[in-house]
$ cat target-v2.cif   # mmCIF, C-alpha atoms
data_data
#
loop_
_atom_site.group_PDB
_atom_site.id
_atom_site.type_symbol
_atom_site.label_atom_id
_atom_site.label_comp_id
_atom_site.auth_asym_id
_atom_site.auth_seq_id
_atom_site.Cartn_x
_atom_site.Cartn_y
_atom_site.Cartn_z
ATOM 1 C CA MET A 246 152.836 104.446 152.122
ATOM 2 C CA ILE A 247 149.787 106.314 150.843
ATOM 3 C CA ARG A 248 149.910 109.983 149.968
ATOM 4 C CA LEU A 249 146.596 111.834 149.804
ATOM 5 C CA PRO A 250 146.314 115.297 148.316
ATOM 6 C CA PRO A 251 145.126 118.066 150.664
ATOM 7 C CA THR A 252 141.379 118.610 150.377
ATOM 8 C CA ASN A 253 138.351 119.659 152.384
ATOM 9 C CA LYS A 254 136.216 116.821 151.005
ATOM 10 C CA LYS A 255 135.889 113.289 152.364
ATOM 11 C CA VAL A 256 138.455 110.903 150.984
ATOM 12 C CA SER A 257 138.177 107.138 150.967
ATOM 13 C CA PHE A 258 140.401 104.374 149.693
ATOM 14 C CA LYS A 259 140.121 100.617 149.611
ATOM 15 C CA ILE A 260 142.798 98.072 150.427
ATOM 16 C CA ASP A 261 142.790 94.523 149.122
ATOM 17 C CA VAL A 262 145.180 92.249 151.030
ATOM 18 C CA TYR A 263 145.973 88.826 149.564
ATOM 19 C CA LYS A 264 148.873 86.472 148.862
ATOM 20 C CA ALA A 265 150.699 86.925 145.543
ATOM 21 C CA ASN A 266 149.636 83.583 143.987
ATOM 22 C CA GLU A 267 146.129 83.642 145.432
ATOM 23 C CA ARG A 268 144.667 85.758 142.614
ATOM 24 C CA LYS A 269 146.617 84.390 139.646
ATOM 25 C CA ILE A 270 144.768 82.192 137.192
ATOM 26 C CA ILE A 271 146.664 80.330 134.467
ATOM 27 C CA VAL A 272 144.692 79.594 131.289
ATOM 28 C CA LYS A 273 145.839 77.748 128.172
ATOM 29 C CA ALA A 274 144.458 79.351 125.028
ATOM 30 C CA PRO A 275 142.278 76.878 123.129
ATOM 31 C CA ARG A 276 143.099 76.272 119.462
ATOM 32 C CA PHE A 277 140.555 76.626 116.645
ATOM 33 C CA PHE A 278 137.426 75.817 118.615
ATOM 34 C CA PHE A 279 134.981 77.568 120.838
ATOM 35 C CA ALA A 280 135.353 76.959 124.538
ATOM 36 C CA ARG A 281 133.264 77.956 127.532
ATOM 37 C CA LYS A 282 134.975 77.716 130.851
ATOM 38 C CA VAL A 283 134.089 79.307 134.175
ATOM 39 C CA LEU A 284 137.319 80.556 135.726
ATOM 40 C CA ILE A 285 135.789 81.951 138.928
ATOM 41 C CA THR A 286 132.259 81.078 139.986
ATOM 42 C CA GLU A 287 132.079 83.918 142.477
ATOM 43 C CA THR A 288 134.788 86.266 143.722
ATOM 44 C CA THR A 289 135.115 86.845 147.428
ATOM 45 C CA HIS A 290 133.702 89.996 148.976
ATOM 46 C CA ALA A 291 135.806 93.167 148.456
ATOM 47 C CA THR A 292 138.074 91.599 145.836
ATOM 48 C CA MET A 293 139.781 94.284 143.764
ATOM 49 C CA HIS A 294 142.403 92.531 141.636
ATOM 50 C CA TYR A 295 142.859 89.360 139.566
ATOM 51 C CA MET A 296 145.596 88.433 137.131
ATOM 52 C CA ILE A 297 144.823 85.991 134.324
ATOM 53 C CA LEU A 298 147.920 84.564 132.617
ATOM 54 C CA ILE A 299 147.146 83.252 129.128
ATOM 55 C CA GLN A 300 149.558 80.654 127.774
ATOM 56 C CA ASP A 301 149.796 79.602 124.101
ATOM 57 C CA LEU A 302 148.143 82.746 122.719
ATOM 58 C CA GLU A 303 150.716 83.196 119.984
ATOM 59 C CA GLU A 304 148.998 84.254 116.756
ATOM 60 C CA PRO A 305 147.017 87.431 115.955
ATOM 61 C CA ILE A 306 144.345 85.266 114.297
ATOM 62 C CA SER A 307 142.999 84.082 117.686
ATOM 63 C CA THR A 308 140.940 86.245 120.002
ATOM 64 C CA LEU A 309 139.813 85.202 123.471
ATOM 65 C CA ARG A 310 136.782 86.737 125.132
ATOM 66 C CA PHE A 311 136.520 86.989 128.900
ATOM 67 C CA ASP A 312 133.133 87.888 130.384
ATOM 68 C CA ILE A 313 133.030 89.589 133.766
ATOM 69 C CA GLU A 314 129.516 89.403 135.123
ATOM 70 C CA PRO A 315 128.531 91.140 138.356
ATOM 71 C CA ILE A 316 126.544 88.702 140.503
ATOM 72 C CA ALA A 317 125.784 90.670 143.648
ATOM 73 C CA CYS A 318 126.462 94.351 144.242
ATOM 74 C CA VAL A 319 125.846 96.523 147.282
ATOM 75 C CA ASP A 320 124.962 99.297 144.868
ATOM 76 C CA LYS A 321 123.680 98.807 141.315
ATOM 77 C CA ARG A 322 126.626 100.813 140.001
ATOM 78 C CA PHE A 323 130.045 99.267 139.346
ATOM 79 C CA GLN A 324 133.206 99.833 137.329
ATOM 80 C CA ILE A 325 135.714 97.339 135.948
ATOM 81 C CA THR A 326 139.022 97.970 134.205
ATOM 82 C CA GLY A 327 140.978 95.367 132.294
ATOM 83 C CA LYS A 328 144.634 95.799 131.360
ATOM 84 C CA ILE A 329 146.058 93.595 128.602
ATOM 85 C CA CYS A 330 149.835 93.227 128.383
ATOM 86 C CA VAL A 331 151.707 91.347 125.640
ATOM 87 C CA PRO A 332 155.275 90.822 126.923
ATOM 88 C CA TRP A 333 157.044 90.295 123.570
ATOM 89 C CA VAL A 334 155.729 93.592 122.162
ATOM 90 C CA ARG A 335 157.629 96.378 123.862
ATOM 91 C CA GLY A 336 155.326 98.927 125.495
ATOM 92 C CA PHE A 337 152.106 97.197 124.373
ATOM 93 C CA GLU A 338 149.358 97.725 126.919
ATOM 94 C CA ARG A 339 145.679 98.033 126.121
ATOM 95 C CA TYR A 340 142.925 99.004 128.529
ATOM 96 C CA LYS A 341 139.217 98.256 128.534
ATOM 97 C CA HIS A 342 136.945 100.070 130.969
ATOM 98 C CA PHE A 343 133.266 99.341 131.457
ATOM 99 C CA SER A 344 130.574 100.012 133.991
ATOM 100 C CA ASP A 345 126.963 99.198 134.760
ATOM 101 C CA LYS A 346 125.975 101.376 131.774
ATOM 102 C CA THR A 347 128.117 99.394 129.300
ATOM 103 C CA LEU A 348 126.163 96.816 127.323
ATOM 104 C CA ASP A 349 129.063 94.528 126.390
ATOM 105 C CA LYS A 350 130.682 93.122 129.543
ATOM 106 C CA GLY A 351 133.409 91.267 127.653
ATOM 107 C CA ILE A 352 137.118 91.879 127.284
ATOM 108 C CA TYR A 353 138.685 90.684 124.047
ATOM 109 C CA VAL A 354 142.311 89.582 124.284
ATOM 110 C CA ASN A 355 144.539 89.078 121.262
ATOM 111 C CA VAL A 356 148.140 89.721 120.280
ATOM 112 C CA PRO A 357 149.117 92.321 117.657
ATOM 113 C CA ILE A 358 152.018 90.296 116.200
ATOM 114 C CA PRO A 359 153.026 86.617 116.360
ATOM 115 C CA THR A 360 155.476 85.450 119.004
ATOM 116 C CA PRO A 361 159.147 85.612 118.033
ATOM 117 C CA THR A 362 160.869 82.342 117.152
ATOM 118 C CA GLY A 363 161.838 80.433 120.284
ATOM 119 C CA TYR A 364 159.708 82.568 122.624
ATOM 120 C CA ASN A 365 158.146 80.551 125.443
ATOM 121 C CA THR A 366 154.607 81.713 126.261
ATOM 122 C CA SER A 367 154.483 79.346 129.233
ATOM 123 C CA VAL A 368 157.214 81.326 130.990
ATOM 124 C CA ASN A 369 156.099 84.823 129.872
ATOM 125 C CA PRO A 370 152.419 84.600 128.934
ATOM 126 C CA VAL A 371 149.980 87.282 127.838
ATOM 127 C CA CYS A 372 148.521 88.932 130.925
ATOM 128 C CA LEU A 373 145.014 90.224 131.604
ATOM 129 C CA GLU A 374 144.789 92.183 134.843
ATOM 130 C CA LEU A 375 141.316 92.878 136.187
ATOM 131 C CA PHE A 376 140.678 95.781 138.543
ATOM 132 C CA LEU A 377 137.250 95.205 140.082
ATOM 133 C CA ASP A 378 134.872 97.358 142.077
ATOM 134 C CA PRO A 379 135.021 95.930 145.644
ATOM 135 C CA PRO A 380 131.326 96.246 146.614
ATOM 136 C CA CYS A 381 130.449 93.615 143.984
ATOM 137 C CA ARG A 382 131.013 89.901 143.547
ATOM 138 C CA TYR A 383 131.758 88.712 140.028
ATOM 139 C CA LYS A 384 131.640 85.633 137.851
ATOM 140 C CA ILE A 385 134.604 85.455 135.463
ATOM 141 C CA ARG A 386 134.546 83.106 132.492
ATOM 142 C CA LEU A 387 136.344 82.403 129.263
ATOM 143 C CA VAL A 388 133.640 82.470 126.627
ATOM 144 C CA GLY A 389 135.629 81.372 123.613
ATOM 145 C CA VAL A 390 137.829 81.911 120.651
ATOM 146 C CA SER A 391 136.730 83.899 117.678
ATOM 147 C CA MET A 392 138.564 84.160 114.413
ATOM 148 C CA PRO A 393 137.667 87.109 112.170
ATOM 149 C CA LEU A 394 136.274 86.067 108.769
ATOM 150 C CA SER A 395 139.046 87.924 106.948
ATOM 151 C CA ASN A 396 141.668 85.848 108.781
ATOM 152 C CA VAL A 397 139.837 82.602 108.017
ATOM 153 C CA LEU A 398 139.658 83.523 104.322
ATOM 154 C CA THR A 399 143.340 84.467 104.302
ATOM 155 C CA GLN A 400 144.289 81.109 105.815
ATOM 156 C CA MET A 401 141.832 79.006 103.809
ATOM 157 C CA GLY A 402 141.854 81.039 100.569
ATOM 158 C CA PRO A 403 144.299 78.872 98.608
ATOM 159 C CA VAL A 404 142.245 75.677 99.088
ATOM 160 C CA LEU A 405 138.751 77.132 98.575
ATOM 161 C CA PRO A 406 138.698 76.858 94.725
ATOM 162 C CA LEU A 407 139.844 73.242 94.946
ATOM 163 C CA SER A 408 137.134 72.476 97.511
ATOM 164 C CA PHE A 409 134.425 74.064 95.369
ATOM 165 C CA GLY A 410 135.680 72.090 92.356
ATOM 166 C CA ILE A 411 135.434 68.812 94.230
ATOM 167 C CA VAL A 412 131.917 69.623 95.479
ATOM 168 C CA PHE A 413 130.873 70.636 91.946
ATOM 169 C CA ILE A 414 132.220 67.341 90.502
ATOM 170 C CA SER A 415 130.426 65.275 93.144
ATOM 171 C CA ILE A 416 127.142 67.061 92.426
ATOM 172 C CA ALA A 417 127.646 66.555 88.690
ATOM 173 C CA CYS A 418 128.310 62.838 89.145
ATOM 174 C CA ALA A 419 125.232 62.443 91.323
ATOM 175 C CA SER A 420 122.948 64.040 88.711
ATOM 176 C CA CYS A 421 124.738 62.282 85.791
ATOM 177 C CA SER A 422 124.765 65.399 83.678
ATOM 178 C CA GLY A 423 127.563 65.217 81.142
ATOM 179 C CA ILE A 424 127.764 68.977 80.661
ATOM 180 C CA ALA A 425 128.019 69.659 84.387
ATOM 181 C CA LEU A 426 130.682 66.968 84.698
ATOM 182 C CA ALA A 427 132.713 68.495 81.860
ATOM 183 C CA LEU A 428 132.441 72.010 83.344
ATOM 184 C CA ALA A 429 133.428 70.746 86.766
ATOM 185 C CA SER A 430 136.435 68.911 85.341
ATOM 186 C CA ILE A 431 137.602 72.010 83.471
ATOM 187 C CA PHE A 432 137.142 74.158 86.629
ATOM 188 C CA TYR A 433 139.036 71.602 88.683
ATOM 189 C CA PHE A 434 142.040 71.418 86.385
ATOM 190 C CA VAL A 435 142.205 75.213 85.982
ATOM 191 C CA THR A 436 142.334 75.728 89.762
ATOM 192 C CA VAL A 437 144.942 72.997 90.286
ATOM 193 C CA GLN A 438 147.321 74.586 87.801
#

$ encode --input "target-v2.cif" --output "structure tokens"
Amino acid sequence: MIRLPPTNKKVSFKIDVYKANERKIIVKAPRFFFARKVLITETTHATMHYMILIQDLEEPISTLRFDIEPIACVDKRFQITGKICVPWVRGFERYKHFSDKTLDKGIYVNVPIPTPTGYNTSVNPVCLELFLDPPCRYKIRLVGVSMPLSNVLTQMGPVLPLSFGIVFISIACASCSGIALALASIFYFVTVQ
């Protein structure tokens, strides 16, 4: 049932009819590497909705980027809305809206908090719903994983001094400088303790 408000202007609406599983795409989140994967080479004409289910996206450190690129449009103008839903965070929904005037055509998906212990992201994954402008055909791809530098430093911070000490010792041994070797040894033992 569709209810239209009374008006004197022309009103139009679009209907997209498809089977429930026809527009669902299941993606496993890659771990600690950059991935490029085309999910849909070209959407069919007048497609309005896709649901991308992202499994194994469990930590806030990982961010996935999905690019939605218009391939062919009847008109040069288009609008796309993405809705991100994280099921284990009650009431968490985030929206991203862009159009032909928006420079960045990517939607970044991440989770605000880690998954609770025992939560199965295969059964209830993170969801990205795409609401597309029907006069266009789109290419949808997973561009990759990015980890913010602050998160990398937080995770790798405890081992960085040790790594620099080892590199410093190896450089000192290669140049056979006794002073550099002594300084590197002192630095190494200070960071270990």

$ resolve_selection --input "target-v2.cif" --expression "the PyMOL selection byres ((chain A and resi 350) around 8)" --output "list in words"
Asp312, Ile313, Glu314, Phe343, Thr347, Leu348, Asp349, Gly351 and Ile352 of chain A

$ resolve_selection --input "target-v2.cif" --expression "the PyMOL selection byres ((chain A and resi 319) around 10)" --output "PDB file with C-alpha atoms, in the coordinates of the input"
ATOM      1  CA  ALA A 317     125.784  90.670 143.648  1.00  0.00           C
ATOM      2  CA  CYS A 318     126.462  94.351 144.242  1.00  0.00           C
ATOM      3  CA  ASP A 320     124.962  99.297 144.868  1.00  0.00           C
ATOM      4  CA  LYS A 321     123.680  98.807 141.315  1.00  0.00           C
ATOM      5  CA  ARG A 322     126.626 100.813 140.001  1.00  0.00           C
ATOM      6  CA  PHE A 323     130.045  99.267 139.346  1.00  0.00           C
ATOM      7  CA  PRO A 379     135.021  95.930 145.644  1.00  0.00           C
ATOM      8  CA  PRO A 380     131.326  96.246 146.614  1.00  0.00           C
ATOM      9  CA  CYS A 381     130.449  93.615 143.984  1.00  0.00           C
ATOM     10  CA  ARG A 382     131.013  89.901 143.547  1.00  0.00           C
TER      11      ARG A 382
END

$ residues_around --input "target-v2.cif" --residues "Lys341 of chain A" --least-positions-apart "4" --cutoff "9 Å" --atoms "only C-alpha atoms" --output "list in words"
Ile325, Thr326, Gly327, Lys328, Ile329, Ile352 and Tyr353 of chain A

$ residues_around --input "target-v2.cif" --residues "segment 261-265 of chain A" --least-positions-apart "4" --cutoff "9 Å" --atoms "all atoms listed in the file" --output "list of chain:residue names"
A:Lys269, A:Ala291, A:Thr292, A:Met293, A:His294, A:Pro379

$ closest_residue --input "target-v2.cif" --among "A:Val371, A:Ile358, A:Val283, A:Ile247" --to "Ile260 of chain A" --atoms "only C-alpha atoms"
A:Ile247

$ atom_distance --input "target-v2.cif" --atom1 "atom CA of Met296 of chain A" --atom2 "atom CA of Cys330 of chain A"
10.8 Å

$ resolve_selection --input "target-v2.cif" --expression "the PyMOL selection byres ((chain A and resi 282) around 8)" --output "VMD selection string"
chain A and resid 280 to 281 283 to 284 386 to 388
